[in-house]
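**Student:** The structure is given below, and queries will be raised subsequently.
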Amino acid sequence: MIGNVIGRLLQVLPTLFGVLVLVFAMTHVLPGDPARLIAGPEATDAEVAGLRADLGLDQPVGAQFITYLSNLSRGEMGRSLHSNRPVVDELAARLPRTLILTGLALAIMISLGLAAGIISAIKPDSLRDHLLTGLSLTGISVPLFWLGLMLVLVFSYHLRWLPTGGTSSLRGYILPAVTLGLGAAAMLARLMRSSLLDIIHQDYIRTARAKGAREAVVIGRHALRNALIPAVTLIGLEAGILLGGAVIVETIFSINGIGRYLVQSIQYRDYPATQGAVLVIAVIFITVNLLTDLSYGLLDPRQRRGAA
Amino acid sequence: MKHNDQRSLMKALFATSVIALTPISAMAEGDLTVGLSAIATRLDAQQLVTGSADAIASSLIYDTLVIRDAKGAFRPGVAETWEVAPDGKSLRFTIRDGATFHDGTPITAAAVKALFDSTLDPANNSLGSGAYKPYVDGVALAGDRTVVFTLKYPYAAALALFAIPSGGIQSPGSLGAQKLNEAKAVVGSGPYRVADWVPGDSLTLEANPDYWGAKPAFDHIILREIPENESRLLALETGEVGVINNVPATSLPTLQDTPGVQVQTFPSTRIQYLGFNTKIPLLSDKRVRQALNYAIDRDAVVNTILAGVANPATSFVSSNAWGHADVGTYPYDPDKARALLQEAGVAAGSKLELAVPEAYLPGGRQIGELLQANFNAIGLDTTINRYEWSTFQGVMEAHKGYEAYLLGWASVTGDADRSLTPFSALGITVNFANYDNPQVFDWVKEAAGQTDPALRKAIYRKVQEQLKEDAPWAPLAEIRYAIGTAAGLSGVFVDHNGVLVLRDAIQAAP
């Protein structure tokens with residue numbers, strides 16, 4: 001088990017280096033001059049040239065990459081071209097907002113998704129199964145952008161219960177987290193339902209029932225544990241997808257998180273900021289995947305043995 | 001002790017849950033919250049971008065030597081009086097007595113000189129220096145309260161340079177720290193000072209109690225970034241904010257019908273235009289460019305697509321810029337356009353590519369599609385190349401590889417000089433049309449140095465007539481900026497550069 005963890009951690013380093021090279025290359029290949037974009041369309045050539053020199057953009061790309069790597073090895077990500085502030089500070093201010101948002105969305109996904117999936121599977125083809133299946137199909141089909149604006153319209157504009165956006169208090173996160181979490185919950189409910197149904201028809205469940213075990217024990221102890229394995233895979237994948245969805249949700253709800261920062265940085269061709277944001281997202285993504293893989297072992301002893 | 005800790009924790013939890021359940025409320029009494037499509041990223045006046053989100057904040061934090069009002073007229077700022085030398089080669093400002101920086105130190109002529117010396121110092125790479133370097137030769141003191149700017153040549157629009165955001169008066173002692181862009185380093189001179197800054201999220205400004213002018217009307221002005229148009233509109237309608245900027249044309253009718261909200265639009269020096277790359281074979285013929293001009297249904301652009309946020313353009317220089325001449329645009333006449341194309345020997349079905357930075361321009365997508373339909377109607381085969389703004393800038397920067405393009409331009413000084421000079425040489429800044437008429441370029445240079453206003457205007461008229469004839473750029477519309485404000489709020493306006501000016505905002509008593 002521990003060897004497995006160490007092995008996985010070692011694989012992370014080349015992955016991160018690959019991410020760095022790729023992002024650096026991609027940002028520099030994109031057309032668009034950061035100095036021109038920052039100085040604004042009404043700036044004259046003299047204004048842009050001054051800024052370009054100030055930002056160190058007159059250096060060759062290779063030299064810029066080496067400078068970047070050596071800074072990074074000392075834990076420095078450079079200064080944002082756009083704001084002239086340290087990228088580390090910019091990211092540190094924004095990361096908690098994105099983590100709270102995706103964390104809450106993940107919680108909504110897991111609680112609603114598992115509950116709906118289990119309720120559906122226990123009594124397939126019942127009225128509540130059809131109702132939940134219909135709801136989850138709707139949840140999967142509704143675009144994030146539309147859902148977010150509708151929630152604002154109802155809960156902020158008509159009912160005036162929650163703010164339209166901003167993060168000055170925790171309640172600012174409620175609507176965005178629901179927007180982000182609902183679609184994922186719907187997906188999880190669909191998966192949970194079918195996975196649990198498959199298992200309920202297997203021999204060992206029939207045996208457990210024949211032994212006279214109560215239904216709650218049959219589902220809770222025997223069926224659920226196996227049905228959870230595909231669900232955990234989905235949750236792990238979704239955690240990454242939620243980070244992507246956070247970009248849209250952060251824009252609708254004016255949450256200044258990592259997602260929106262990344263989009264703005266790309267728009268300004270703010271190389272250090274883009275690289276920093278992608279690096280942070282990559283680290284989160286890799287960590288979540290690692291945790292997902294390790295959690296299989298907890299759910300399924302066969303995987304533990306296989307790995308040891 | 002431990003028990004106390006637990007109690008205070010419980011109290012905090014209770015307070016949080018109460019806050020979570022109380023309905024959302026409008027702004028605090030005496031405060032003004034403003035929802036902006038983008039918020040300042042730089043607070044250092046020497047490093048900010050004119051006409052950008054930075055300028056909205058800086059116009060509150062900094063006074064300039066002279067300040068422009070809603071009509072563009074100059075009024076005293078840090079300078080109490082000013083005088084332009086008869087030969088147009090120098091400007092003399094008398095600094096107000098009793099004005100102080102936000103740290104309490106007096107604003108002196110010496111401080112102003114030190115500030116502009118630093119701006120002009122090449123070693124500082126000040127972004128704002130680009131506005132001054134072409135014109136300003138040096139800064140000198142003349143007595144305790146007077147500072148004199150000598151110019152490289154007579155420049156008629158020079159006074160405007162001292163009213164733009166880059167000319168914000170900040171304490172010269174703070175400059176080194178300012179460049180690092182830390183909120184606490186900002187030592188300004190305006191009616192509001194920085195209280196709290198959450199970069200990318202909000203900027204809280206508080207009234208400067210020592211301000212020399214009228215006492216600021218609000219205790220705090222809080223600038224909040226709300227990038228999504230619909231969210232910004234909803235924040236105004238729910239009373240979470242008192243002002244929003246950049247109301248899109250499509251939302252104007254709805255907002256106008258919303259009770260408790262007022263909508264205002266303001267003229268700007270911004271022209272939206274269609275440019276033609278005169279170096280590609282099809283568009284190198286003046287008759288083809290004129291034909292395309294005749295083919296454009298400008299009425300649909302101004303009165304349908306941009307309804308409420310545009311006026312018809314009557315020249316490449318905006319009617320809100322000094323030096324504008326009403327030379328008129330080409331009327332909508334597809335028959336004439338077809339005849340001109342035939343005369344120029346353009347075969348039916350000739351291909352034309354139209355580059356459009358869609359999201360950047362008001363109505364960009366729809367105008368692109370209208371132009372495509374207009375040009376196809378006279379027998380061309382038009383393709384639209386849609387670009388994201390940053391990519392578009394990259395494509396254009398090379399000054400080649402594109403054909404027709406949609407773009408806008410504003411004169412940040414409010415003078416025809418700034419509408420024309422950046423276009424008046426090959427290969428520079430925004431002459432993406434690669435327009436090349438040395439006669440016009442000479443006239444533009446001559447006008448910049450001409451100090452007799454009447455003569456200067458006459459030269460600009462010649463230039464604008466020639467531009468209409470040569471048709472490298474087809475002006476489509478003059479852009480108006482739309483804002484929404486809570487009822488009872490007045491004194492808020494958008495200046496000719498599109499910058500929301502909040503310093504004179506006043507809330508009427510209910």
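Chain labels A, B, ... are given in the sequence in which chains occur in the structure tokens; within each chain residues are numbered consecutively from 1, and ligands are likewise numbered from 1 in the order shown.
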Which residues of chain A come within 9 Å of chain B, and what is each one's closest atom pair and distance in Å (one decimal), counting only C-alpha atoms, sorted by chain and residue number, as a Markdown table?
**Tutor:**
```
| residue | atom | partner | partner_atom | distance |
| --- | --- | --- | --- | --- |
| A:Leu30 | CA | B:Thr391 | CA | 7.2 |
| A:Pro31 | CA | B:Gly394 | CA | 4.5 |
| A:Gly32 | CA | B:Gly394 | CA | 3.6 |
| A:Asp33 | CA | B:Gly394 | CA | 6.1 |
| A:Pro34 | CA | B:Ser390 | CA | 8.5 |
| A:Arg36 | CA | B:Gln393 | CA | 7.8 |
| A:Leu37 | CA | B:Ser390 | CA | 6.7 |
| A:Ile38 | CA | B:Val49 | CA | 7.5 |
| A:Ala39 | CA | B:Val49 | CA | 5.7 |
| A:Gly40 | CA | B:Val49 | CA | 6.6 |
| A:Pro41 | CA | B:Trp409 | CA | 7.8 |
| A:Glu42 | CA | B:Trp409 | CA | 6.7 |
| A:Ala43 | CA | B:Thr429 | CA | 7.9 |
| A:Thr44 | CA | B:Thr429 | CA | 5.8 |
| A:Asp45 | CA | B:Thr429 | CA | 5.3 |
| A:Ala46 | CA | B:Gly130 | CA | 5.5 |
| A:Glu47 | CA | B:Gly130 | CA | 4.2 |
| A:Val48 | CA | B:Leu127 | CA | 7.7 |
| A:Gly50 | CA | B:Asn125 | CA | 5.4 |
| A:Leu51 | CA | B:Leu127 | CA | 5.9 |
| A:Ala53 | CA | B:Asn125 | CA | 7.6 |
| A:Asp54 | CA | B:Asn125 | CA | 5.9 |
| A:His82 | CA | B:Thr41 | CA | 7.1 |
| A:Ser83 | CA | B:Thr41 | CA | 5.1 |
| A:Asn84 | CA | B:Leu180 | CA | 6.4 |
| A:Arg85 | CA | B:Asn181 | CA | 6.4 |
| A:Pro86 | CA | B:Leu180 | CA | 8.9 |
| A:Glu90 | CA | B:Pro199 | CA | 7.8 |
| A:Ala93 | CA | B:Val198 | CA | 8.3 |
| A:Leu149 | CA | B:Ser231 | CA | 7.5 |
| A:Val152 | CA | B:Ser231 | CA | 8.0 |
| A:Leu153 | CA | B:Leu234 | CA | 7.8 |
| A:Ser156 | CA | B:Thr238 | CA | 7.2 |
| A:Tyr157 | CA | B:Thr238 | CA | 5.8 |
| A:His158 | CA | B:Thr238 | CA | 8.7 |
| A:Leu159 | CA | B:Pro23 | CA | 8.6 |
| A:Arg160 | CA | B:Ile24 | CA | 5.9 |
| A:Trp161 | CA | B:Pro23 | CA | 4.8 |
| A:Leu162 | CA | B:Ile24 | CA | 5.9 |
| A:Pro163 | CA | B:Ile24 | CA | 6.0 |
| A:Thr164 | CA | B:Ala235 | CA | 6.0 |
| A:Gly165 | CA | B:Ser231 | CA | 7.7 |
| A:Gly166 | CA | B:Asp201 | CA | 7.9 |
| A:Thr167 | CA | B:Asp201 | CA | 8.7 |
| A:Ser169 | CA | B:Ala20 | CA | 8.2 |
| A:Leu170 | CA | B:Ala20 | CA | 7.8 |
| A:Arg171 | CA | B:Ala20 | CA | 5.8 |
| A:Thr251 | CA | B:Glu228 | CA | 6.0 |
| A:Ile252 | CA | B:Glu228 | CA | 5.4 |
| A:Phe253 | CA | B:Ser231 | CA | 6.9 |
| A:Ser254 | CA | B:Ile226 | CA | 5.0 |
| A:Ile255 | CA | B:Asp201 | CA | 7.5 |
| A:Asn256 | CA | B:Asp201 | CA | 5.8 |
| A:Tyr261 | CA | B:Gly200 | CA | 8.2 |
| A:Ile266 | CA | B:Ser390 | CA | 8.5 |
| A:Gln267 | CA | B:Ser390 | CA | 5.8 |
| A:Tyr268 | CA | B:Ser390 | CA | 6.7 |
| A:Arg269 | CA | B:Ser390 | CA | 7.4 |
```
**Student:** Within 10 Å of B:Ala348, counting only C-alpha atoms, which residues qualify if same-chain residues fewer than 3 places away don't, as a list in words?
**Tutor:**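 Once the adjacent positions are removed, what remains is Arg338, Leu341, Gln342, Gly345, Lys351, Asn376, Ile378, Gly379, Leu380 and Asp381 of chain B.
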**Student:** Suppose we keep N, CA and C atoms; can you now write the selection as a short mmCIF file (atom, residue, chain, number, x, y, z; two decimals), in the first residue's frame?
**Tutor:**
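Result saved to out.cif:
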```cif
data_model
loop_
_atom_site.label_atom_id
_atom_site.label_comp_id
_atom_site.auth_asym_id
_atom_site.auth_seq_id
_atom_site.Cartn_x
_atom_site.Cartn_y
_atom_site.Cartn_z
N ARG B 338 -22.42 48.36 -56.96
CA ARG B 338 -22.21 47.35 -58.01
C ARG B 338 -21.53 47.98 -59.24
N LEU B 341 -17.87 48.53 -58.57
CA LEU B 341 -17.12 47.26 -58.61
C LEU B 341 -16.86 46.85 -60.06
N GLN B 342 -17.90 47.03 -60.88
CA GLN B 342 -17.77 46.65 -62.30
C GLN B 342 -16.70 47.51 -62.97
N GLY B 345 -13.41 46.46 -62.36
CA GLY B 345 -13.09 45.15 -62.93
C GLY B 345 -13.10 44.02 -61.92
N LYS B 351 -13.74 36.85 -53.64
CA LYS B 351 -13.75 36.55 -52.21
C LYS B 351 -13.23 37.72 -51.37
N ASN B 376 -22.27 40.65 -49.85
CA ASN B 376 -22.72 39.58 -50.74
C ASN B 376 -23.79 40.10 -51.68
N ILE B 378 -23.86 42.85 -53.20
CA ILE B 378 -23.30 43.52 -54.38
C ILE B 378 -22.39 42.57 -55.16
N GLY B 379 -22.48 41.28 -54.85
CA GLY B 379 -21.80 40.30 -55.69
C GLY B 379 -20.49 39.76 -55.17
N LEU B 380 -20.14 40.08 -53.93
CA LEU B 380 -18.90 39.51 -53.38
C LEU B 380 -19.24 38.24 -52.61
N ASP B 381 -18.21 37.46 -52.32
CA ASP B 381 -18.38 36.25 -51.52
C ASP B 381 -17.61 36.47 -50.21
#
```
**Student:** Residues within 12 Å of B:Ala111, please, as a PyMOL selection string. Count only C-alpha atoms; anything in the same chain fewer than 2 positions from it doesn't count.
**Tutor:** chain B and resi 78+95+99-101+105-109+113-118+139-141+144-147+169-175+189
**Student:** Apply DSSP to the backbone of this structure and, from stretch 93-234 of chain B, keep only the residues in strand (DSSP E); write these as JSON, numbers by chain.
**Tutor:** {"B": [93, 94, 95, 136, 137, 138, 139, 140, 141, 146, 147, 148, 149, 150, 151, 192, 193, 194, 195, 196, 197, 198, 202, 203, 204, 205, 206, 207, 220, 221, 222, 223, 224, 225]}
**Student:** Pick out the closest residue to B:Thr329 from this set: B:Leu476, B:Leu361, B:Ala57, B:Leu455. Count only C-alpha atoms.
**Tutor:**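 Of B:Leu476, B:Leu361, B:Ala57, B:Leu455, the one nearest B:Thr329 is B:Leu476, counting only C-alpha atoms.
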**Student:** Among the residues of stretch 251-328 of chain B, find those DSSP assigns to alpha helix (DSSP H) from the backbone and print them as a PyMOL selection string.
**Tutor:** chain B and resi 252-256+281-284+286-295+298-300
**Student:** Write a file of the just-selected residues containing N, CA, C and O atoms, as a CSV table (one decimal), in the first residue's frame.
**Tutor:**
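Written output follows (again20.csv):
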```
chain,number,residue,atom,x,y,z
B,252,LEU,N,-31.0,47.5,-22.8
B,252,LEU,CA,-31.4,48.9,-22.6
B,252,LEU,C,-32.9,49.0,-22.4
B,252,LEU,O,-33.4,49.5,-21.4
B,253,PRO,N,-33.8,48.4,-23.3
B,253,PRO,CA,-35.2,48.5,-23.1
B,253,PRO,C,-35.7,48.0,-21.8
B,253,PRO,O,-36.5,48.6,-21.1
B,254,THR,N,-35.2,46.8,-21.4
B,254,THR,CA,-35.6,46.2,-20.2
B,254,THR,C,-35.3,47.0,-19.0
B,254,THR,O,-36.1,47.3,-18.1
B,255,LEU,N,-34.1,47.5,-19.0
B,255,LEU,CA,-33.6,48.3,-17.8
B,255,LEU,C,-34.4,49.6,-17.8
B,255,LEU,O,-34.7,50.1,-16.7
B,256,GLN,N,-34.7,50.2,-18.9
B,256,GLN,CA,-35.5,51.5,-18.9
B,256,GLN,C,-36.8,51.3,-18.3
B,256,GLN,O,-37.4,52.2,-17.7
B,281,PRO,N,-4.5,43.0,-53.2
B,281,PRO,CA,-4.9,43.4,-54.5
B,281,PRO,C,-6.4,44.0,-54.6
B,281,PRO,O,-6.6,45.1,-55.1
B,282,LEU,N,-7.3,43.2,-54.1
B,282,LEU,CA,-8.7,43.6,-54.2
B,282,LEU,C,-9.0,45.0,-53.6
B,282,LEU,O,-9.7,45.8,-54.2
B,283,LEU,N,-8.4,45.2,-52.4
B,283,LEU,CA,-8.7,46.5,-51.7
B,283,LEU,C,-7.8,47.6,-52.0
B,283,LEU,O,-7.9,48.7,-51.4
B,284,SER,N,-6.8,47.4,-52.9
B,284,SER,CA,-5.8,48.4,-53.1
B,284,SER,C,-6.5,49.5,-54.1
B,284,SER,O,-6.0,50.6,-54.2
B,286,LYS,N,-9.1,52.2,-54.9
B,286,LYS,CA,-9.9,53.1,-54.2
B,286,LYS,C,-11.4,52.9,-54.5
B,286,LYS,O,-12.3,53.0,-53.6
B,287,ARG,N,-11.7,52.6,-55.8
B,287,ARG,CA,-13.1,52.4,-56.2
B,287,ARG,C,-13.7,51.3,-55.5
B,287,ARG,O,-14.9,51.3,-55.2
B,288,VAL,N,-13.0,50.2,-55.2
B,288,VAL,CA,-13.5,49.0,-54.5
B,288,VAL,C,-13.9,49.4,-53.1
B,288,VAL,O,-14.9,49.1,-52.6
B,289,ARG,N,-13.0,50.2,-52.5
B,289,ARG,CA,-13.2,50.6,-51.1
B,289,ARG,C,-14.4,51.5,-51.0
B,289,ARG,O,-15.3,51.4,-50.1
B,290,GLN,N,-14.6,52.4,-52.0
B,290,GLN,CA,-15.7,53.3,-52.1
B,290,GLN,C,-17.0,52.4,-52.3
B,290,GLN,O,-18.0,52.7,-51.7
B,291,ALA,N,-16.9,51.4,-53.1
B,291,ALA,CA,-18.1,50.6,-53.4
B,291,ALA,C,-18.5,49.9,-52.1
B,291,ALA,O,-19.7,49.9,-51.9
B,292,LEU,N,-17.6,49.4,-51.4
B,292,LEU,CA,-17.9,48.7,-50.1
B,292,LEU,C,-18.6,49.7,-49.2
B,292,LEU,O,-19.5,49.4,-48.4
B,293,ASN,N,-18.1,51.0,-49.2
B,293,ASN,CA,-18.8,52.0,-48.4
B,293,ASN,C,-20.2,52.2,-48.8
B,293,ASN,O,-21.1,52.4,-47.9
B,294,TYR,N,-20.5,52.3,-50.1
B,294,TYR,CA,-21.8,52.5,-50.6
B,294,TYR,C,-22.7,51.3,-50.2
B,294,TYR,O,-23.9,51.4,-50.1
B,295,ALA,N,-22.1,50.1,-50.0
B,295,ALA,CA,-22.9,48.9,-49.8
B,295,ALA,C,-23.4,48.7,-48.4
B,295,ALA,O,-24.2,47.9,-48.1
B,298,ARG,N,-25.7,51.6,-43.1
B,298,ARG,CA,-25.3,52.2,-41.8
B,298,ARG,C,-26.5,52.5,-40.8
B,298,ARG,O,-26.4,52.4,-39.6
B,299,ASP,N,-27.7,52.7,-41.5
B,299,ASP,CA,-28.9,53.0,-40.7
B,299,ASP,C,-29.2,51.7,-39.8
B,299,ASP,O,-29.5,51.9,-38.6
B,300,ALA,N,-29.0,50.5,-40.4
B,300,ALA,CA,-29.3,49.3,-39.6
B,300,ALA,C,-28.3,49.1,-38.5
B,300,ALA,O,-28.6,48.7,-37.4
```
**Student:** To one decimal place, how far is atom CA of B:Phe149 from atom CA of B:Ser268 in Å?
**Tutor:** 28.1 Å
**Student:** Just want the 9 Å neighbourhood of B:Ala163, counted on only C-alpha atoms, with same-chain residues fewer than 5 positions away dropped. Output as a list in words.
**Tutor:**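 Using only C-alpha atoms, the neighbours found are Asp63, Thr64, Leu65, Val66, Ile67, Arg68, Phe74, Gly77, Gly168 and Thr413 of chain B.
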**Student:** What's around A:Val283 at 10 Å? Count only C-alpha atoms, leave out sequence neighbours fewer than 3 positions away in its own chain, and write the answer as a list in words.
**Tutor:**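 Those residues are Val12, Thr15, Leu16, Val19, Ala277, Val278, Leu279, Val280, Ile286, Thr287, Val288 and Asn289 of chain A.
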**Student:** Kindly give the distance, in Å, that separates atom CA of B:Ala425 and atom CA of B:Ile271, rounded to a single decimal.
**Tutor:**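 For atom CA of B:Ala425 relative to atom CA of B:Ile271, the distance reads 19.6 Å.
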**Student:** Counting only C-alpha atoms, what is within 9 Å of B:Lys445, bar same-chain residues fewer than 4 positions away, as a list in words?
**Tutor:**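 After dropping sequence-adjacent residues, the list is Asp417, Thr421, Ser424, Val440, Phe441, Gly449 and Gln450 of chain B.
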**Student:** Go through A:Ala35, A:Ala246, A:Ala282, A:Leu291 one by one, measure the shortest atom-to-atom distance of each to A:Tyr173 using only C-alpha atoms, and give the residue with the smallest value.
**Tutor:** A:Ala246
